[in-house]
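Structure data follow from entry15.cif (mmCIF, C-alpha atoms and all ligand atoms):
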```
data_data
#
loop_
_atom_site.label_atom_id
_atom_site.label_comp_id
_atom_site.auth_asym_id
_atom_site.auth_seq_id
_atom_site.Cartn_x
_atom_site.Cartn_y
_atom_site.Cartn_z
CA MET A 6 58.42 -171.41 -12.99
CA ASN A 7 55.00 -172.15 -14.39
CA THR A 8 54.24 -175.47 -15.91
CA GLN A 9 51.20 -176.18 -18.00
CA THR A 10 48.59 -178.83 -17.43
CA TYR A 11 49.97 -181.42 -19.72
CA GLY A 12 47.21 -183.95 -19.49
CA GLN A 13 46.58 -186.90 -17.30
CA VAL A 14 48.07 -190.31 -17.09
CA GLU A 15 47.21 -193.38 -15.09
CA PRO A 16 49.99 -195.15 -13.20
CA HIS A 17 49.97 -198.93 -12.86
CA GLY A 18 48.56 -200.28 -9.62
CA ALA A 19 48.25 -196.86 -8.05
CA GLU A 20 45.35 -195.61 -5.97
CA ARG A 21 43.25 -192.77 -7.35
CA VAL A 22 43.02 -189.99 -4.77
CA ALA A 23 41.17 -187.45 -6.91
CA ASP A 24 40.78 -186.55 -10.54
CA GLY A 25 44.25 -186.75 -12.05
CA LEU A 26 45.90 -187.46 -8.69
CA TRP A 27 47.29 -190.89 -7.86
CA ARG A 28 49.10 -192.25 -4.84
CA LEU A 29 51.68 -194.80 -5.84
CA SER A 30 51.48 -197.99 -3.86
CA GLY A 31 54.15 -199.16 -1.51
CA ARG A 32 54.85 -200.56 1.91
CA PRO A 33 53.77 -199.67 4.47
CA LYS A 34 50.50 -198.70 2.80
CA ASN A 35 49.77 -194.96 2.81
CA LYS A 36 53.16 -194.17 4.28
CA VAL A 37 54.90 -193.92 0.94
CA ASN A 38 55.37 -190.39 -0.25
CA ALA A 39 55.01 -190.59 -4.01
CA TYR A 40 52.19 -189.31 -6.19
CA VAL A 41 51.45 -188.82 -9.84
CA MET A 42 49.70 -185.48 -10.29
CA GLY A 43 48.63 -184.93 -13.89
CA ASP A 44 51.79 -186.03 -15.64
CA VAL A 45 54.15 -184.96 -12.90
CA LEU A 46 55.75 -187.33 -10.40
CA VAL A 47 55.48 -185.68 -6.97
CA ASP A 48 57.99 -186.98 -4.40
CA SER A 49 59.77 -190.29 -4.59
CA ALA A 50 59.74 -191.88 -1.14
CA THR A 51 62.99 -193.58 -0.12
CA ARG A 52 65.84 -195.06 -2.14
CA HIS A 53 64.25 -198.49 -1.73
CA ALA A 54 61.15 -197.35 -3.63
CA THR A 55 63.12 -196.80 -6.85
CA LYS A 56 62.17 -200.03 -8.62
CA ARG A 57 58.59 -199.87 -7.43
CA ILE A 58 58.15 -196.30 -8.67
CA LEU A 59 59.76 -197.05 -12.01
CA ARG A 60 57.48 -200.05 -12.43
CA GLN A 61 54.35 -198.04 -11.63
CA VAL A 62 55.15 -195.17 -13.98
CA LYS A 63 56.52 -197.37 -16.75
CA GLY A 64 55.55 -196.07 -20.18
CA LEU A 65 53.82 -192.96 -18.83
CA PRO A 66 54.57 -189.63 -20.53
CA LEU A 67 55.83 -187.96 -17.33
CA ARG A 68 57.17 -184.45 -17.82
CA SER A 69 58.91 -183.66 -14.56
CA HIS A 70 59.67 -184.80 -11.02
CA VAL A 71 58.57 -182.26 -8.43
CA LEU A 72 59.51 -182.50 -4.74
CA THR A 73 57.32 -181.13 -1.95
CA HIS A 74 60.48 -180.75 0.11
CA GLY A 75 64.05 -181.91 0.41
CA HIS A 76 63.77 -184.60 3.05
CA MET A 77 65.23 -188.03 2.49
CA ASP A 78 61.89 -189.86 2.74
CA HIS A 79 60.39 -187.73 -0.03
CA MET A 80 63.23 -187.78 -2.53
CA GLY A 81 64.99 -191.06 -1.93
CA ALA A 82 64.47 -192.33 -5.47
CA ALA A 83 64.74 -188.91 -7.14
CA HIS A 84 68.21 -189.38 -8.56
CA GLU A 85 67.62 -192.78 -10.10
CA VAL A 86 64.14 -191.96 -11.37
CA CYS A 87 65.29 -188.69 -12.99
CA GLU A 88 68.24 -190.48 -14.57
CA ALA A 89 66.17 -193.40 -15.81
CA LEU A 90 63.33 -191.31 -17.23
CA ASP A 91 65.35 -188.21 -18.13
CA LEU A 92 63.08 -185.98 -16.03
CA PRO A 93 63.90 -182.46 -14.84
CA LEU A 94 63.96 -182.23 -11.02
CA ILE A 95 62.01 -179.31 -9.54
CA CYS A 96 61.58 -178.11 -5.93
CA GLY A 97 61.17 -175.01 -3.75
CA GLU A 98 64.01 -172.50 -3.94
CA ALA A 99 65.01 -172.85 -0.27
CA ASP A 100 65.36 -176.62 -0.56
CA VAL A 101 67.65 -176.72 -3.61
CA LEU A 102 70.81 -177.28 -1.57
CA ALA A 103 69.18 -180.02 0.49
CA VAL A 104 67.94 -181.76 -2.64
CA GLU A 105 71.20 -181.49 -4.52
CA SER A 106 73.17 -182.77 -1.51
CA GLY A 107 70.85 -185.73 -0.94
CA ALA A 108 69.83 -184.22 2.44
CA ARG A 109 73.44 -184.27 3.60
CA LEU A 110 73.48 -180.60 4.64
CA GLY A 111 74.23 -180.37 8.35
CA LEU A 112 73.77 -184.10 8.69
CA GLU A 113 76.83 -184.40 10.93
CA ASN A 114 75.03 -182.30 13.56
CA ARG A 115 71.87 -184.39 13.56
CA PRO A 116 71.14 -187.11 16.16
CA LEU A 117 72.58 -190.55 15.51
CA PRO A 118 69.22 -192.18 14.62
CA VAL A 119 68.74 -189.58 11.87
CA ARG A 120 72.21 -190.28 10.50
CA ILE A 121 71.54 -194.00 10.52
CA GLU A 122 68.18 -193.52 8.82
CA HIS A 123 69.88 -191.32 6.25
CA ARG A 124 72.38 -194.03 5.49
CA LEU A 125 69.55 -196.51 5.05
CA ILE A 126 67.14 -194.57 2.85
CA ALA A 127 68.70 -191.42 1.32
CA ASP A 128 69.66 -190.89 -2.30
CA PRO A 129 72.95 -189.39 -3.50
CA GLY A 130 71.36 -186.07 -4.50
CA HIS A 131 70.55 -184.79 -7.97
CA PRO A 132 70.86 -181.43 -9.78
CA VAL A 133 67.74 -179.26 -9.58
CA THR A 134 66.59 -177.98 -12.96
CA ASP A 135 64.06 -175.40 -11.84
CA THR A 136 62.25 -174.06 -8.78
CA LEU A 137 58.62 -173.36 -7.90
CA LYS A 138 57.15 -170.55 -5.85
CA GLU A 139 53.77 -169.50 -4.44
CA GLY A 140 51.23 -169.03 -7.19
CA ASP A 141 53.00 -171.13 -9.81
CA ARG A 142 50.87 -173.73 -11.51
CA VAL A 143 51.72 -177.40 -11.88
CA ALA A 144 49.41 -179.82 -13.66
CA GLY A 145 46.31 -177.82 -12.76
CA PHE A 146 47.35 -177.28 -9.14
CA SER A 147 48.44 -174.01 -7.55
CA VAL A 148 51.72 -174.02 -5.69
CA LEU A 149 51.67 -172.90 -2.05
CA GLU A 150 54.77 -172.14 -0.04
CA VAL A 151 54.43 -173.80 3.39
CA PRO A 152 57.83 -173.38 5.05
CA GLY A 153 58.39 -174.78 8.55
CA HIS A 154 58.87 -178.51 8.23
CA ALA A 155 61.44 -177.71 5.54
CA PRO A 156 62.41 -174.20 4.40
CA GLY A 157 61.36 -174.73 0.81
CA HIS A 158 58.30 -176.86 1.51
CA LEU A 159 55.60 -176.73 -1.17
CA ALA A 160 52.00 -177.86 -1.12
CA PHE A 161 49.67 -178.21 -4.09
CA TRP A 162 46.14 -176.92 -4.01
CA ARG A 163 43.37 -177.25 -6.55
CA GLU A 164 40.53 -174.80 -6.15
CA GLU A 165 37.85 -176.67 -8.13
CA ASP A 166 37.57 -179.67 -5.86
CA ARG A 167 39.64 -178.50 -2.91
CA VAL A 168 42.28 -181.17 -3.21
CA LEU A 169 45.43 -180.67 -1.20
CA LEU A 170 48.39 -182.92 -0.55
CA GLN A 171 48.99 -181.41 2.85
CA LEU A 172 46.64 -179.55 5.14
CA VAL A 173 47.58 -176.13 6.41
CA VAL A 174 45.57 -174.50 9.18
CA PRO A 175 46.02 -171.19 11.03
CA ASP A 176 45.42 -172.83 14.44
CA ALA A 177 46.53 -176.44 14.84
CA THR A 178 45.19 -176.75 18.40
CA ALA A 179 41.68 -175.73 17.30
CA ALA A 180 41.79 -177.93 14.20
CA ARG A 181 42.96 -180.90 16.26
CA GLN A 182 40.18 -180.34 18.80
CA GLU A 183 37.61 -180.12 15.99
CA LEU A 184 38.73 -183.51 14.71
CA LEU A 185 38.77 -185.01 18.23
CA ASP A 186 35.22 -183.76 18.79
CA ARG A 187 34.20 -185.61 15.64
CA GLY A 188 35.72 -188.80 16.94
CA VAL A 189 38.75 -188.78 14.65
CA GLU A 190 41.93 -190.24 16.08
CA VAL A 191 44.68 -187.66 15.92
CA SER A 192 48.31 -187.61 16.98
CA GLU A 193 49.74 -185.29 19.62
CA LEU A 194 50.82 -181.82 18.51
CA THR A 195 54.48 -181.84 17.57
CA VAL A 196 56.48 -178.64 17.71
CA ILE A 197 59.50 -179.00 15.45
CA THR A 198 60.49 -175.36 15.71
CA ASP A 199 58.91 -172.40 17.51
CA ALA A 200 58.78 -170.45 14.27
CA ASP A 201 55.47 -170.12 12.45
CA GLY A 202 55.02 -173.26 10.40
CA GLY A 203 56.83 -175.48 12.87
CA THR A 204 53.81 -177.11 14.58
CA PHE A 205 52.20 -180.28 13.23
CA PHE A 206 49.87 -183.11 13.97
CA GLY A 207 48.61 -186.02 11.93
CA PHE A 208 45.45 -188.01 11.44
CA GLN A 209 44.00 -190.69 9.23
CA ASP A 210 40.82 -190.14 7.28
CA PRO A 211 38.20 -192.89 6.96
CA ASP A 212 39.85 -194.09 3.74
CA GLY A 213 43.06 -194.71 5.63
CA ASN A 214 44.90 -191.79 4.06
CA SER A 215 47.45 -190.17 6.35
CA TRP A 216 47.35 -186.41 6.53
CA ALA A 217 49.96 -184.06 7.90
CA VAL A 218 48.43 -180.91 9.29
CA GLN A 219 50.72 -177.92 9.58
CA GLU A 220 49.96 -174.76 11.51
CA ILE A 221 50.83 -171.56 9.68
CA LYS A 222 49.40 -168.64 11.64
CA ALA A 223 50.04 -166.31 8.70
CA ARG A 224 47.37 -168.23 6.81
CA ALA A 225 44.75 -166.69 9.12
CA HIS A 226 45.24 -163.46 7.22
CA LYS A 227 45.81 -165.13 3.91
CA PRO A 228 43.48 -168.10 3.96
CA LEU A 229 44.28 -171.13 1.95
CA ILE A 230 40.74 -172.40 1.85
CA PRO A 231 38.15 -169.77 0.88
CA LYS A 232 36.35 -168.40 3.94
CA ASP A 233 32.97 -169.89 2.96
CA HIS A 234 34.59 -173.31 2.76
CA VAL A 235 36.47 -173.17 6.04
CA GLY A 236 35.74 -176.26 8.09
CA LEU A 237 38.32 -178.88 8.56
CA SER A 238 35.40 -181.15 9.43
CA GLU A 239 34.65 -181.47 5.74
CA TRP A 240 38.18 -182.62 5.19
CA ALA A 241 37.94 -185.08 8.03
CA GLY A 242 34.88 -186.58 6.40
CA ARG A 243 36.59 -187.06 3.07
ZN ZN B 1 59.87 -184.15 5.68
#
```
Mind converting the file's structure to structure tokens?
Amino acid sequence: MNTQTYGQVEPHGAERVADGLWRLSGRPKNKVNAYVMGDVLVDSATRHATKRILRQVKGLPLRSHVLTHGHMDHMGAAHEVCEALDLPLICGEADVLAVESGARLGLENRPLPVRIEHRLIADPGHPVTDTLKEGDRVAGFSVLEVPGHAPGHLAFWREEDRVLLQLVVPDATAARQELLDRGVEVSELTVITDADGGTFFGFQDPDGNSWAVQEIKARAHKPLIPKDHVGLSEWAGR
């Protein structure tokens, strides 16, 4: 689906990340996955963030709740927030079942710590109203499909000021080395699956923002960031 740019709103007590993009506050700081992008709520952290999110978006003319992916720490408050604010819930096509089941799909086969974490933070699931795909527009951002971490994972990219909620690089090892050379502390590479899109690392920028960097080799042929802008170093310096 394509959604229009509806206009911008300012959440209460949230941190401005870029024009029209706000990170909702929570604990621990910068580990809470909930943003207001234009007038769209993007992700909703864990179940325990419900009251906090509702308080921060109180009175705002939000139009929809979009999920980057169907993991329990990104959609924990989705059900209650959508019910309370009467918002349509929107995600990537391949994550619809995960979202509607409250991340219960295949849960019985996951390791015990994951099942315990699920019990602690997951939501009951909520019907998905619509789906997004590559090239769709949401609140002035372009939708990118970045499968790997989750099959229906979406990222949001805005050309004008190169704002992205998740970094995608064609070569994670090279990008990680580039950051290390610049003195940035980065995490070890984590391979979640061998498939393209399954390799990650993380780092914190000087503002304390946590970034997930995902390797998608296919992006080498279909670059996300225009060739003349390539240079993760710029991102690191943000
Ligand atoms: Zn996740």
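Proximity to Arg181 in chain A was assessed for A:Leu29, A:Val101, A:Ala54, A:Leu194 counting all atoms listed in the file; the smallest distance is recorded for A:Leu194.
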Glu105 in chain A surroundings by only C-alpha atoms, 7 Å radius, close-in-sequence under 4 positions cut, as an MDAnalysis selection string
chainID A and resid 101 130:133
Please identify all protein, DNA and RNA residues within 8 Å of ligand ZN 1 (chain B), counting only C-alpha atoms and all ligand atoms, and report them as an mmCIF file with C-alpha atoms, keeping the file's coordinate frame.
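Writing done, so here's pocket-v2.cif:
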```cif
data_model
loop_
_atom_site.group_PDB
_atom_site.id
_atom_site.type_symbol
_atom_site.label_atom_id
_atom_site.label_comp_id
_atom_site.auth_asym_id
_atom_site.auth_seq_id
_atom_site.Cartn_x
_atom_site.Cartn_y
_atom_site.Cartn_z
ATOM 1 C CA HIS A 74 60.480 -180.750 0.110
ATOM 2 C CA GLY A 75 64.050 -181.910 0.410
ATOM 3 C CA HIS A 76 63.770 -184.600 3.050
ATOM 4 C CA MET A 77 65.230 -188.030 2.490
ATOM 5 C CA ASP A 78 61.890 -189.860 2.740
ATOM 6 C CA HIS A 79 60.390 -187.730 -0.030
ATOM 7 C CA HIS A 154 58.870 -178.510 8.230
ATOM 8 C CA ALA A 155 61.440 -177.710 5.540
#
```
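Nearest to Glu193 in chain A of all the residues A:Ala39, A:Val218, A:Ile121, A:Leu137 is A:Val218, based on only C-alpha atoms.
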Restricting to only C-alpha atoms, whichever of A:Lys63, A:Asp48, A:Arg109, A:Leu72 is closest to Ala89 in chain A is A:Lys63
Give me, please, the distance in Å between CA of Glu113 in chain A and CA of Thr195 in chain A, quoted to one decimal.
23.5 Å
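Residue nearest Glu122 in chain A, chosen from A:Glu220, A:Thr51, A:Arg21, A:Val173 and counting all atoms listed in the file: A:Thr51.
In this structure, CA of Ala217 in chain A sits 25.1 Å away from CA of Val62 in chain A.
Nearest to Asp176 in chain A of all the residues A:Gly202, A:Gly188, A:Gly153, A:Gly18 is A:Gly202, based on all atoms listed in the file.
Ranking A:Leu26, A:Phe208, A:Ile58, A:Gly203 by their shortest atom-to-atom distance to Val191 in chain A, with all atoms listed in the file included, puts A:Phe208 first.
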I want to know what sits within 9 Å of Leu46 in chain A, based on all atoms listed in the file, with residues of the same chain fewer than 5 positions away left out; could you give that as a list in words?
Ala39, Tyr40, Val41, Val62, Leu67, Arg68, Ser69, His70, Val71 and Leu72 of chain A
Suppose you want the space between CA of Gly140 in chain A and CA of Pro16 in chain A; what is it in Å?
26.8 Å
Polymer residues at most 6 Å from His158 in chain A, all atoms listed in the file, same-chain spacing of 6 or more positions, as a list in words
Thr73, His74, Val151 and Pro152 of chain A
